[in-house]
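Trainee: Coordinates in model-v2.csv, CSV, C-alpha atoms and all ligand atoms, are listed below.
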```
chain,number,residue,atom,x,y,z
G,283,MET,CA,132.3,-128.6,-81.7
G,284,LYS,CA,134.5,-128.4,-84.7
G,285,ILE,CA,133.9,-130.1,-88.0
G,286,HIS,CA,136.0,-130.7,-91.1
G,287,GLU,CA,136.2,-128.4,-94.1
G,288,TYR,CA,134.5,-131.0,-96.4
G,289,GLN,CA,131.6,-131.3,-93.9
G,290,ALA,CA,131.2,-127.6,-93.7
G,291,LYS,CA,131.2,-127.3,-97.5
G,292,GLU,CA,128.5,-130.0,-97.7
G,293,ILE,CA,126.4,-127.9,-95.3
G,294,PHE,CA,127.2,-124.8,-97.4
G,295,ALA,CA,126.0,-126.5,-100.5
G,296,ARG,CA,122.7,-127.4,-98.8
G,297,TYR,CA,122.2,-123.8,-98.0
G,298,GLY,CA,122.9,-122.6,-101.5
G,299,ILE,CA,126.4,-121.2,-100.8
G,300,PRO,CA,128.6,-121.9,-103.9
G,301,VAL,CA,131.6,-124.2,-103.2
G,302,PRO,CA,134.0,-126.0,-105.6
G,303,GLU,CA,132.9,-129.5,-106.7
G,304,GLY,CA,134.8,-131.9,-104.6
G,305,GLN,CA,135.0,-135.2,-102.8
G,306,MET,CA,136.4,-136.4,-99.4
G,307,VAL,CA,138.7,-139.4,-99.8
G,308,THR,CA,140.5,-141.7,-97.4
G,309,GLU,CA,142.3,-143.6,-100.1
G,310,VAL,CA,145.1,-142.0,-102.0
G,311,GLY,CA,144.0,-143.7,-105.2
G,312,ASP,CA,140.7,-141.9,-105.2
G,313,VAL,CA,142.4,-138.6,-105.9
G,314,LYS,CA,143.6,-139.9,-109.3
G,315,ARG,CA,140.1,-141.3,-110.1
G,316,PHE,CA,138.6,-137.9,-109.2
G,317,PHE,CA,141.0,-136.1,-111.5
G,318,GLU,CA,140.4,-138.5,-114.4
G,319,GLU,CA,136.6,-138.3,-114.0
G,320,LYS,CA,136.2,-134.6,-113.4
G,321,GLY,CA,139.3,-133.2,-115.1
G,322,GLY,CA,141.9,-131.0,-113.7
G,323,PRO,CA,143.4,-128.9,-112.4
G,324,VAL,CA,142.5,-130.0,-108.9
G,325,VAL,CA,143.5,-129.0,-105.4
G,326,VAL,CA,144.4,-131.6,-102.8
G,327,LYS,CA,143.7,-130.5,-99.2
G,328,ALA,CA,144.5,-132.1,-95.9
G,329,GLN,CA,141.4,-132.4,-93.6
G,330,ILE,CA,142.3,-131.6,-90.0
G,331,HIS,CA,140.5,-129.5,-87.4
G,332,ALA,CA,142.9,-126.6,-87.8
G,333,GLY,CA,143.6,-123.8,-90.2
G,334,GLY,CA,146.9,-122.6,-91.7
G,335,ARG,CA,147.2,-125.8,-93.7
G,336,GLY,CA,148.3,-124.0,-96.9
G,337,LYS,CA,151.5,-122.6,-95.3
G,338,GLY,CA,152.2,-126.0,-93.6
G,339,GLY,CA,152.2,-127.9,-96.9
G,340,GLY,CA,148.7,-129.3,-96.5
G,341,VAL,CA,147.1,-127.7,-99.6
G,342,LYS,CA,148.5,-128.5,-103.1
G,343,PHE,CA,147.4,-127.0,-106.4
G,344,SER,CA,147.7,-129.9,-108.9
G,345,PRO,CA,147.6,-129.0,-112.7
G,346,THR,CA,148.3,-132.6,-113.8
G,347,VAL,CA,147.2,-136.1,-112.6
G,348,GLU,CA,150.8,-136.9,-111.7
G,349,VAL,CA,151.1,-133.9,-109.4
G,350,ALA,CA,147.7,-134.7,-107.8
G,351,GLU,CA,148.7,-138.3,-107.1
G,352,GLN,CA,152.0,-137.2,-105.6
G,353,ALA,CA,150.3,-134.6,-103.5
G,354,ALA,CA,147.8,-137.1,-102.2
G,355,LYS,CA,150.7,-139.5,-101.3
G,356,ASP,CA,152.6,-136.7,-99.6
G,357,ILE,CA,149.8,-135.2,-97.6
G,358,MET,CA,147.9,-138.4,-96.5
G,359,GLY,CA,149.5,-139.7,-93.4
G,360,MET,CA,151.7,-136.6,-92.8
G,361,THR,CA,151.8,-134.9,-89.5
G,362,LEU,CA,150.8,-131.4,-90.4
G,363,VAL,CA,152.1,-128.6,-88.3
G,364,THR,CA,150.4,-125.2,-88.6
G,365,HIS,CA,150.2,-122.2,-86.3
G,366,GLN,CA,146.9,-123.7,-85.0
G,367,THR,CA,147.9,-127.3,-84.3
G,368,GLY,CA,150.7,-126.7,-81.8
G,369,PRO,CA,154.2,-128.0,-82.4
G,370,GLU,CA,153.0,-131.7,-82.2
G,371,GLY,CA,150.9,-131.2,-85.3
G,372,LYS,CA,148.0,-133.3,-86.5
G,373,LEU,CA,147.9,-136.6,-88.4
G,374,VAL,CA,146.2,-136.3,-91.8
G,375,GLN,CA,143.7,-139.2,-92.3
G,376,ARG,CA,141.4,-137.6,-94.9
G,377,LEU,CA,141.8,-135.5,-98.0
G,378,LEU,CA,139.5,-133.2,-99.9
G,379,VAL,CA,140.1,-133.2,-103.6
G,380,GLU,CA,138.4,-130.4,-105.4
G,381,LYS,CA,138.2,-128.9,-108.9
G,382,ALA,CA,140.5,-125.9,-108.7
G,383,ALA,CA,138.9,-122.5,-108.9
G,384,ASN,CA,140.2,-119.7,-111.1
G,385,ILE,CA,140.8,-117.0,-108.5
G,386,GLU,CA,140.4,-113.4,-109.4
G,387,THR,CA,140.3,-112.0,-105.9
G,388,GLU,CA,140.5,-113.4,-102.3
G,389,MET,CA,138.6,-112.0,-99.4
G,390,TYR,CA,137.8,-112.8,-95.8
G,391,LEU,CA,134.3,-113.4,-94.5
G,392,GLY,CA,133.5,-114.5,-91.0
G,393,PHE,CA,130.4,-114.8,-88.8
G,394,VAL,CA,131.1,-114.9,-85.0
G,395,MET,CA,129.2,-114.7,-81.8
G,396,ASP,CA,130.1,-111.3,-80.3
G,397,ARG,CA,129.6,-111.9,-76.6
G,398,GLU,CA,129.9,-108.2,-75.7
G,399,THR,CA,126.9,-107.2,-77.8
G,400,SER,CA,125.1,-110.6,-77.6
G,401,ARG,CA,124.9,-110.5,-81.4
G,402,VAL,CA,126.2,-112.3,-84.4
G,403,ALA,CA,128.9,-110.1,-85.9
G,404,ILE,CA,130.0,-110.2,-89.6
G,405,ILE,CA,133.7,-109.6,-90.0
G,406,ALA,CA,134.8,-109.1,-93.6
G,407,SER,CA,137.9,-107.8,-95.3
G,408,THR,CA,139.4,-107.4,-98.7
G,409,GLU,CA,142.5,-108.9,-97.3
G,410,GLY,CA,141.7,-112.6,-97.7
G,411,GLY,CA,143.8,-115.7,-97.6
G,412,VAL,CA,146.1,-114.4,-94.9
G,413,GLU,CA,145.7,-114.4,-91.2
G,414,ILE,CA,142.8,-112.2,-90.2
G,415,GLU,CA,144.3,-111.6,-86.8
G,416,LYS,CA,147.3,-110.0,-88.5
G,417,VAL,CA,145.1,-107.8,-90.6
G,418,ALA,CA,143.2,-106.7,-87.5
G,419,ALA,CA,146.3,-105.9,-85.6
G,420,GLU,CA,148.3,-104.1,-88.3
G,421,THR,CA,145.6,-102.6,-90.5
G,422,PRO,CA,142.4,-102.4,-88.5
G,423,GLU,CA,140.9,-100.0,-91.0
G,424,LYS,CA,140.7,-102.9,-93.5
G,425,ILE,CA,138.3,-104.8,-91.3
G,426,ILE,CA,134.6,-104.4,-92.0
G,427,LYS,CA,132.3,-105.1,-89.0
G,428,ILE,CA,128.6,-105.3,-88.8
G,429,TRP,CA,126.3,-106.5,-86.0
G,430,ILE,CA,123.0,-108.4,-86.7
G,431,ASP,CA,119.9,-107.6,-84.6
G,432,PRO,CA,118.6,-111.1,-83.7
G,433,ALA,CA,115.0,-109.8,-83.7
G,434,VAL,CA,115.1,-109.0,-87.4
G,435,GLY,CA,118.0,-111.0,-88.7
G,436,LEU,CA,120.4,-109.9,-91.4
G,437,MET,CA,118.9,-107.1,-93.3
G,438,PRO,CA,119.4,-106.9,-97.0
G,439,PHE,CA,120.9,-103.4,-96.8
G,440,GLN,CA,123.5,-104.8,-94.4
G,441,ALA,CA,124.5,-107.6,-96.8
G,442,ARG,CA,124.7,-105.0,-99.6
G,443,GLU,CA,126.9,-102.8,-97.4
G,444,VAL,CA,129.4,-105.6,-96.7
G,445,CYS,CA,129.6,-106.5,-100.4
G,446,PHE,CA,129.9,-102.9,-101.4
G,447,LYS,CA,132.8,-102.4,-99.0
G,448,LEU,CA,134.4,-105.7,-100.3
G,449,GLY,CA,134.4,-104.0,-103.7
G,450,LEU,CA,132.2,-106.6,-105.3
G,451,GLU,CA,130.5,-105.7,-108.6
G,452,GLY,CA,127.9,-107.1,-111.0
G,453,THR,CA,127.2,-110.8,-110.7
G,454,ALA,CA,129.8,-111.2,-107.9
G,455,PHE,CA,127.9,-108.5,-105.9
G,456,LYS,CA,124.6,-110.3,-106.3
G,457,GLY,CA,126.2,-113.6,-105.5
G,458,GLY,CA,127.9,-112.1,-102.5
G,459,VAL,CA,124.7,-110.7,-101.1
G,460,LYS,CA,123.0,-114.1,-101.5
G,461,MET,CA,126.0,-115.8,-99.9
G,462,LEU,CA,125.8,-113.6,-96.8
G,463,GLN,CA,122.1,-114.2,-96.5
G,464,ASN,CA,122.4,-118.0,-96.9
G,465,LEU,CA,125.4,-118.1,-94.5
G,466,TYR,CA,123.3,-116.2,-91.9
G,467,ARG,CA,120.4,-118.7,-92.4
G,468,MET,CA,122.9,-121.6,-91.9
G,469,PHE,CA,124.4,-120.0,-88.9
G,470,THR,CA,121.2,-119.6,-87.0
G,471,GLU,CA,119.4,-122.7,-88.1
G,472,GLU,CA,122.4,-124.9,-87.3
G,473,ASP,CA,123.3,-123.2,-84.1
G,474,ALA,CA,126.8,-122.3,-85.3
G,475,SER,CA,129.1,-120.4,-83.0
G,476,MET,CA,131.5,-119.5,-85.8
G,477,ALA,CA,131.6,-119.7,-89.6
G,478,GLU,CA,134.6,-118.6,-91.5
G,479,ILE,CA,135.3,-118.4,-95.2
G,480,ASN,CA,138.9,-117.6,-95.8
G,481,PRO,CA,139.3,-117.1,-98.6
G,482,MET,CA,135.9,-116.1,-100.0
G,483,ILE,CA,136.7,-115.6,-103.7
G,484,VAL,CA,135.5,-114.1,-106.9
G,485,THR,CA,136.4,-116.3,-109.8
G,486,LYS,CA,137.6,-115.1,-113.1
G,487,GLU,CA,134.1,-116.0,-114.3
G,488,GLY,CA,132.7,-113.5,-111.8
G,489,GLU,CA,131.2,-115.9,-109.3
G,490,ALA,CA,131.4,-115.4,-105.5
G,491,MET,CA,132.4,-118.7,-103.9
G,492,ALA,CA,133.6,-120.2,-100.6
G,493,LEU,CA,137.0,-121.7,-101.2
G,494,ASP,CA,137.6,-122.6,-97.6
G,495,ALA,CA,135.1,-123.4,-94.9
G,496,LYS,CA,135.4,-123.5,-91.2
G,497,VAL,CA,132.3,-124.0,-89.0
G,498,ASN,CA,132.0,-124.6,-85.2
G,499,PHE,CA,128.8,-125.5,-83.6
G,500,ASP,CA,127.5,-124.5,-80.2
G,501,ASP,CA,127.6,-127.7,-78.1
G,502,ASN,CA,124.8,-126.3,-75.9
G,503,ALA,CA,122.5,-126.7,-78.8
G,504,GLY,CA,123.4,-130.4,-79.3
G,505,PHE,CA,120.0,-131.5,-77.8
G,506,ARG,CA,118.2,-130.0,-80.8
G,507,GLN,CA,120.8,-130.6,-83.4
G,508,LYS,CA,121.0,-134.4,-83.1
G,509,HIS,CA,122.4,-134.7,-86.6
G,510,HIS,CA,125.6,-132.9,-85.6
G,511,ALA,CA,126.7,-136.0,-83.6
G,512,GLU,CA,127.3,-137.8,-87.0
G,513,LEU,CA,129.7,-135.0,-88.0
G,514,ARG,CA,131.9,-135.5,-85.0
G,515,ASP,CA,135.4,-136.8,-85.7
G,516,ILE,CA,136.7,-138.2,-82.4
G,517,SER,CA,140.2,-138.8,-83.8
G,518,GLU,CA,140.6,-135.0,-84.0
G,519,GLU,CA,139.7,-134.4,-80.4
G,520,ASP,CA,141.9,-134.7,-77.3
G,521,PRO,CA,141.6,-138.4,-76.1
G,522,LEU,CA,141.1,-137.3,-72.5
G,523,GLU,CA,138.4,-134.9,-73.4
G,524,VAL,CA,136.6,-137.6,-75.3
G,525,GLU,CA,136.9,-139.9,-72.3
G,526,ALA,CA,135.5,-137.2,-70.0
G,527,SER,CA,132.6,-136.5,-72.3
G,528,LYS,CA,131.4,-140.1,-71.9
G,529,PHE,CA,130.8,-139.4,-68.2
G,530,ASP,CA,129.3,-135.9,-68.8
G,531,LEU,CA,132.3,-134.3,-67.1
G,532,ASN,CA,133.3,-130.8,-68.2
G,533,TYR,CA,137.0,-131.4,-68.8
G,534,ILE,CA,139.3,-129.3,-70.8
G,535,LYS,CA,143.0,-130.2,-71.2
G,536,LEU,CA,145.4,-127.3,-70.6
G,537,ASP,CA,149.2,-127.0,-70.6
G,538,GLY,CA,150.2,-126.7,-66.9
G,539,LYS,CA,151.2,-129.1,-64.2
G,540,VAL,CA,148.5,-128.8,-61.5
G,541,GLY,CA,145.6,-131.2,-62.1
G,542,CYS,CA,142.4,-129.7,-60.8
G,543,MET,CA,139.3,-131.4,-59.6
G,544,VAL,CA,136.7,-128.9,-58.6
G,545,ASN,CA,133.0,-128.7,-58.3
G,546,GLY,CA,131.3,-125.8,-60.0
G,547,ALA,CA,132.6,-123.9,-63.0
G,548,GLY,CA,133.0,-120.7,-61.1
G,549,LEU,CA,135.1,-122.3,-58.4
G,550,ALA,CA,137.1,-124.1,-61.0
G,551,MET,CA,137.9,-120.8,-62.7
G,552,ALA,CA,138.9,-119.2,-59.4
G,553,THR,CA,141.0,-122.2,-58.7
G,554,MET,CA,142.9,-121.9,-62.0
G,555,ASP,CA,143.4,-118.2,-61.3
G,556,LEU,CA,144.8,-118.8,-57.9
G,557,ILE,CA,147.2,-121.6,-59.1
G,558,LYS,CA,148.5,-119.1,-61.7
G,559,GLN,CA,148.9,-116.4,-59.0
G,560,CYS,CA,150.9,-118.9,-56.9
G,561,GLY,CA,153.4,-119.3,-59.8
G,562,SER,CA,152.2,-122.5,-61.5
G,563,GLU,CA,149.7,-123.4,-64.3
G,564,PRO,CA,146.6,-125.6,-64.3
G,565,ALA,CA,146.9,-128.8,-66.2
G,566,ASN,CA,143.1,-128.8,-66.9
G,567,PHE,CA,139.8,-127.4,-66.3
G,568,LEU,CA,137.5,-129.9,-64.6
G,569,ASP,CA,134.1,-129.3,-63.2
G,570,VAL,CA,132.8,-132.5,-61.6
G,571,GLY,CA,129.4,-130.9,-61.2
G,572,GLY,CA,127.2,-130.0,-58.3
G,573,SER,CA,125.8,-133.5,-57.8
G,574,ALA,CA,128.8,-135.7,-58.5
G,575,SER,CA,128.5,-139.3,-57.5
G,576,ALA,CA,131.4,-141.3,-56.0
G,577,GLU,CA,131.6,-143.0,-59.4
G,578,GLY,CA,131.7,-139.7,-61.2
G,579,VAL,CA,134.5,-138.5,-58.9
G,580,GLU,CA,136.4,-141.7,-59.5
G,581,ASN,CA,136.1,-141.3,-63.3
G,582,ALA,CA,137.2,-137.7,-63.1
G,583,PHE,CA,140.2,-138.6,-61.0
G,584,ARG,CA,141.2,-141.4,-63.3
G,585,ILE,CA,141.0,-139.1,-66.3
G,586,LEU,CA,143.0,-136.4,-64.6
G,587,MET,CA,145.7,-138.9,-63.5
G,588,SER,CA,146.2,-140.2,-67.0
G,589,ASP,CA,147.5,-136.8,-68.0
G,590,LYS,CA,151.3,-137.3,-67.9
G,591,ASP,CA,151.9,-133.5,-67.4
G,592,VAL,CA,150.2,-133.6,-64.0
G,593,LYS,CA,152.8,-133.2,-61.3
G,594,CYS,CA,150.4,-132.5,-58.4
G,595,VAL,CA,146.6,-132.7,-58.0
G,596,LEU,CA,144.5,-130.1,-56.3
G,597,ILE,CA,141.0,-131.3,-55.1
G,598,ASN,CA,139.0,-128.2,-54.2
G,599,ILE,CA,135.4,-129.0,-53.2
G,600,PHE,CA,132.8,-126.8,-51.8
G,601,GLY,CA,130.1,-129.1,-50.4
G,602,GLY,CA,126.8,-127.5,-51.3
G,603,ILE,CA,124.6,-130.1,-53.0
G,604,VAL,CA,127.4,-132.5,-53.1
G,605,ARG,CA,128.6,-133.9,-49.8
G,606,CYS,CA,132.3,-133.8,-49.0
G,607,ASP,CA,132.3,-137.3,-47.5
G,608,LYS,CA,131.0,-138.6,-50.8
G,609,VAL,CA,133.7,-136.9,-52.7
G,610,ALA,CA,136.4,-138.1,-50.2
G,611,ASN,CA,135.1,-141.7,-50.7
G,612,GLY,CA,135.3,-141.4,-54.4
G,613,VAL,CA,138.8,-140.1,-54.4
G,614,VAL,CA,140.0,-142.7,-52.0
G,615,GLU,CA,138.3,-145.4,-54.0
G,616,ALA,CA,139.8,-144.1,-57.2
G,617,ILE,CA,143.3,-144.0,-55.8
G,618,ARG,CA,143.0,-147.6,-54.5
G,619,ASN,CA,141.7,-148.8,-57.9
G,620,ILE,CA,144.4,-147.0,-59.9
G,621,GLY,CA,147.2,-148.0,-57.5
G,622,ASN,CA,150.7,-146.5,-57.4
G,623,VAL,CA,149.5,-142.9,-57.4
G,624,GLU,CA,152.8,-141.1,-56.9
G,625,VAL,CA,151.9,-137.5,-57.5
G,626,PRO,CA,151.1,-135.5,-54.4
G,627,ILE,CA,147.4,-134.7,-53.8
G,628,VAL,CA,146.3,-131.6,-52.0
G,629,VAL,CA,142.8,-131.6,-50.7
G,630,ARG,CA,140.6,-128.8,-49.6
G,631,LEU,CA,137.1,-129.6,-48.5
G,632,GLU,CA,134.6,-127.0,-47.2
G,633,GLY,CA,130.9,-127.1,-46.6
G,634,THR,CA,128.5,-129.9,-46.1
G,635,ASN,CA,130.1,-132.9,-44.2
G,636,ALA,CA,133.6,-131.4,-44.6
G,637,LYS,CA,134.7,-132.8,-41.3
G,638,GLU,CA,133.5,-136.3,-42.2
G,639,GLY,CA,135.3,-135.9,-45.5
G,640,LEU,CA,138.6,-134.9,-44.0
G,641,GLU,CA,138.3,-137.9,-41.6
G,642,ILE,CA,138.0,-140.2,-44.5
G,643,ILE,CA,141.0,-138.6,-46.2
G,644,ASN,CA,143.1,-138.7,-43.0
G,645,ASN,CA,142.2,-142.3,-42.1
G,646,SER,CA,142.8,-143.6,-45.6
G,647,GLY,CA,146.5,-144.3,-45.0
G,648,LEU,CA,147.2,-142.6,-48.4
G,649,ASN,CA,149.5,-139.7,-48.8
G,650,PHE,CA,147.3,-136.6,-49.0
G,651,HIS,CA,148.2,-133.0,-48.1
G,652,THR,CA,145.3,-131.3,-46.5
G,653,ALA,CA,145.0,-127.6,-46.7
G,654,GLN,CA,143.5,-124.8,-44.5
G,655,GLY,CA,141.4,-122.8,-46.9
G,656,PHE,CA,141.5,-122.0,-50.6
G,657,ALA,CA,144.6,-119.9,-50.8
G,658,ASP,CA,146.7,-122.3,-48.7
G,659,ALA,CA,145.6,-125.2,-51.0
G,660,ALA,CA,146.5,-123.4,-54.2
G,661,LYS,CA,149.9,-122.4,-52.8
G,662,LYS,CA,150.7,-125.9,-51.6
G,663,ALA,CA,149.6,-127.4,-55.0
G,664,ALA,CA,151.6,-124.9,-57.0
G,665,ASP,CA,154.7,-125.4,-54.8
G,666,LEU,CA,154.5,-129.2,-55.1
G,667,ALA,CA,154.0,-129.1,-58.8
G,668,GLU,CA,156.9,-126.7,-59.4
G,669,GLY,CA,159.2,-128.7,-57.0
G,670,ARG,CA,159.5,-125.9,-54.5
G,671,GLY,CA,160.0,-126.9,-50.9
G,672,GLY,CA,157.3,-124.6,-49.6
G,673,ALA,CA,154.7,-127.4,-49.1
U,1,LIG,P1,144.2,-122.9,-95.0
U,1,LIG,O1,145.6,-122.6,-95.3
U,1,LIG,O2,144.1,-124.0,-94.0
U,1,LIG,O3,143.4,-121.8,-94.6
U,1,LIG,O4,143.5,-123.6,-96.4
U,1,LIG,P2,142.8,-122.8,-97.6
U,1,LIG,O5,141.7,-123.7,-98.0
U,1,LIG,O6,142.4,-121.4,-97.2
U,1,LIG,O7,143.9,-122.8,-98.8
U,1,LIG,C1,145.0,-122.1,-98.7
U,1,LIG,C2,145.3,-121.3,-100.0
U,1,LIG,O8,145.4,-122.2,-101.1
U,1,LIG,C3,144.2,-120.4,-100.4
U,1,LIG,O9,144.3,-119.1,-99.7
U,1,LIG,C4,144.4,-120.3,-101.9
U,1,LIG,O10,145.3,-119.3,-102.1
U,1,LIG,C5,145.0,-121.6,-102.2
U,1,LIG,N1,143.9,-122.4,-102.9
U,1,LIG,C6,143.0,-123.2,-102.3
U,1,LIG,N2,142.1,-123.7,-103.2
U,1,LIG,C7,142.5,-123.2,-104.4
U,1,LIG,C8,142.0,-123.3,-105.8
U,1,LIG,O11,141.0,-123.9,-106.1
U,1,LIG,N3,142.6,-122.6,-106.7
U,1,LIG,C9,143.8,-121.9,-106.5
U,1,LIG,N4,144.3,-121.3,-107.5
U,1,LIG,N5,144.3,-121.7,-105.3
U,1,LIG,C10,143.7,-122.4,-104.2
U,2,MN,MN,141.8,-120.8,-95.3
```
Transcribe the structure of this file into structure tokens.
Ligand code: GDP
Ligand code: MN
Mentor:
Amino acid sequence: MKIHEYQAKEIFARYGIPVPEGQMVTEVGDVKRFFEEKGGPVVVKAQIHAGGRGKGGGVKFSPTVEVAEQAAKDIMGMTLVTHQTGPEGKLVQRLLVEKAANIETEMYLGFVMDRETSRVAIIASTEGGVEIEKVAAETPEKIIKIWIDPAVGLMPFQAREVCFKLGLEGTAFKGGVKMLQNLYRMFTEEDASMAEINPMIVTKEGEAMALDAKVNFDDNAGFRQKHHAELRDISEEDPLEVEASKFDLNYIKLDGKVGCMVNGAGLAMATMDLIKQCGSEPANFLDVGGSASAEGVENAFRILMSDKDVKCVLINIFGGIVRCDKVANGVVEAIRNIGNVEVPIVVRLEGTNAKEGLEIINNSGLNFHTAQGFADAAKKAADLAEGRGGA
């Protein structure tokens, strides 16, 4: 789960990580009010769930109230395109207005889950403010990496090592060490999966500070982090994914043309692989779950069909706990309820009650393509989606 910069900074402040004084606003006029109350210069920042806003024109340093007002007008309501939003961009509906910091140096600081070592890794670099991927690719020697043993947590010597390598001195060094320790505390207590400060800065006054903040939470910890639900901004999420989450469906929108309805995450992954191998691309990941009800199947199918990119649907079910006839009924019901389903549907049913399931499909009077086995199903679906005669 992603949250906005202003929300991440509120959490930082609670954990004692220095951030600029600021305020989230949804009204352009409030930027002027902030400037007049707190004094300038200020920075006006678009709040969207994507980075790279500075380069896209979503961050504006404003020395005067007039510039701040104009920046607020320009940024609010704009469709901000950055290297992380995709070409369609994101609509800006909130701004963060902050007291501008006097930057002496910009650095990069990130905490991520390293799945290879099963540890939280600290990534840091003196090269801040720019894309860290670029630094890692072109000048890997400028990346500082340290892994944290979960049994003992972040050791003070590790925090000092990072700050030393970042070239921090005096009060900035002390502040930096504290910042790392507080960030680690936040990371573990809040079940974050990523926390990125880019740039982390040292001000001309010698204070270490988080000038940007990006935090993702691990959705699997949602059950014990109930307060995270309030931080969710549904308008930033894919509408189909929001709809799917209402029915506890694991649905992720992708770029391809073959809509996939599969039970089990492993089979869903294998299905996507096979579609790719057959020369097409999956339009989504969808795991309807091991115990999908006819209603669940119907909802899944409806969501899948409302994706305009879908040119063919592949239903790939292995009946283990779920029975194939139940799935078949759900699909047939869904198509009848939706009406006018024009895209071809390839069905592969295997396992418990596969025969009964296929009978339901064949007797439905609807236009299904049945497949013999997994590979055949993937090939048919890929061919149909790509408009190749093969199927
Ligand atoms: P991003 O482009 O989405 O990562 O947004 P950032 O919050 O990182 O802002 C982009 C850039 O704007 C930073 O790297 C800074 O150079 C600049 N910037 C942001 N806040 C301030 C500020 O308070 N003072 C000054 N001088 N520059 C700022
Ligand atoms: Mn940034």
Trainee: Would you list the residues near (117.8, -121.6, -93.6), meaning any protein, DNA or RNA residue with an atom at most 12 Å from that point in file coordinates, counting all atoms listed in the file, as a VMD selection string?
Mentor: chain G and resid 293 to 299 435 461 to 473
Trainee: Which residue is closest to ligand MN 2 (chain U)? Choose from G:Ala492, G:Val625, G:Ile599, G:Met306 and count only C-alpha atoms and all ligand atoms.
Mentor: G:Ala492
Trainee: Find the residue from G:Gly647, G:Gly336, G:Gly561, G:Gly633 that sits nearest to ligand LIG 1 (chain U); use all atoms listed in the file when measuring.
Mentor: G:Gly336
Trainee: Can you tell me which residues sit at most 6 Å away from ligand LIG 1 (chain U), counting all atoms listed in the file, written as a list in words?
Mentor: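 Checking all atoms listed in the file against ligand LIG 1 (chain U) at 6 Å gives Val325, Gly333, Gly334, Arg335, Gly336, Lys337, Val341, Ala382, Ala383, Asn384, Ile385, Gly411, Asn480, Pro481, Leu493 and Asp494 of chain G.
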Trainee: Do you have the atom CA of Lys661 of chain G-atom CA of Asn566 of chain G distance handy?
Mentor: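 Atom-to-atom, atom CA of Lys661 of chain G to atom CA of Asn566 of chain G, that is 16.9 Å.
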Trainee: What does the structure give for the distance between atom CA of Asn532 of chain G and atom CA of Phe567 of chain G, in Å to one decimal?
Mentor: 7.6 Å
Trainee: Using only C-alpha atoms, what residues lie at most 10 Å away from (148.2, -144.6, -49.5) (file coordinates), given as a list in words?
Mentor: Val614, Ile617, Arg618, Gly621, Asn622, Val623, Glu624, Ile643, Asn645, Ser646, Gly647, Leu648, Asn649 and Phe650 of chain G
Trainee: Just C-alpha atoms for this one: save the residues we selected as a compact mmCIF listing (two decimals), in the coordinates of the input.
Mentor:
```txt
# COMPACT_ATOMS: atom_id res chain seq x y z
CA VAL G 614 140.00 -142.70 -52.00
CA ILE G 617 143.30 -144.00 -55.80
CA ARG G 618 143.00 -147.60 -54.50
CA GLY G 621 147.20 -148.00 -57.50
CA ASN G 622 150.70 -146.50 -57.40
CA VAL G 623 149.50 -142.90 -57.40
CA GLU G 624 152.80 -141.10 -56.90
CA ILE G 643 141.00 -138.60 -46.20
CA ASN G 645 142.20 -142.30 -42.10
CA SER G 646 142.80 -143.60 -45.60
CA GLY G 647 146.50 -144.30 -45.00
CA LEU G 648 147.20 -142.60 -48.40
CA ASN G 649 149.50 -139.70 -48.80
CA PHE G 650 147.30 -136.60 -49.00
```
Trainee: Give me, please, the distance in Å between atom CA of Gly488 of chain G and atom CA of Lys381 of chain G, quoted to one decimal.
Mentor: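 About the pair atom CA of Gly488 of chain G and atom CA of Lys381 of chain G: they are 16.6 Å apart.
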Trainee: Nearest residue to His365 of chain G out of G:Glu413, G:Val484, G:Asn611, G:Arg397, using all atoms listed in the file?
Mentor: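 Closest to His365 of chain G, using all atoms listed in the file: G:Glu413.
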Trainee: Mind checking which residues fall within 12 Å of Ala526 of chain G, counting only C-alpha atoms, ignoring those fewer than 4 positions away in the same chain, and posting them as a PyMOL selection string?
Mentor: chain G and resi 519-522+530-535+566-570+578-586+588
Trainee: Compare G:Glu638, G:Glu525, G:Glu518, G:Asp431 by their minimum atom-to-atom distance to Leu373 of chain G, counting all atoms listed in the file, and give me the closest one.
Mentor: G:Glu518
Trainee: Which residue out of G:Ile430, G:Ala667, G:Cys606, G:Leu391 has the minimum interatomic distance to Ala406 of chain G when only C-alpha atoms are used?
Mentor: G:Leu391
Trainee: Within 12 Å of segment 351-362 of chain G, counting all atoms listed in the file, which residues show up once you throw out same-chain ones fewer than 2 positions away? Write them as a ChimeraX atom specification, please.
Mentor: /G:306-318,322,324-349,364-380
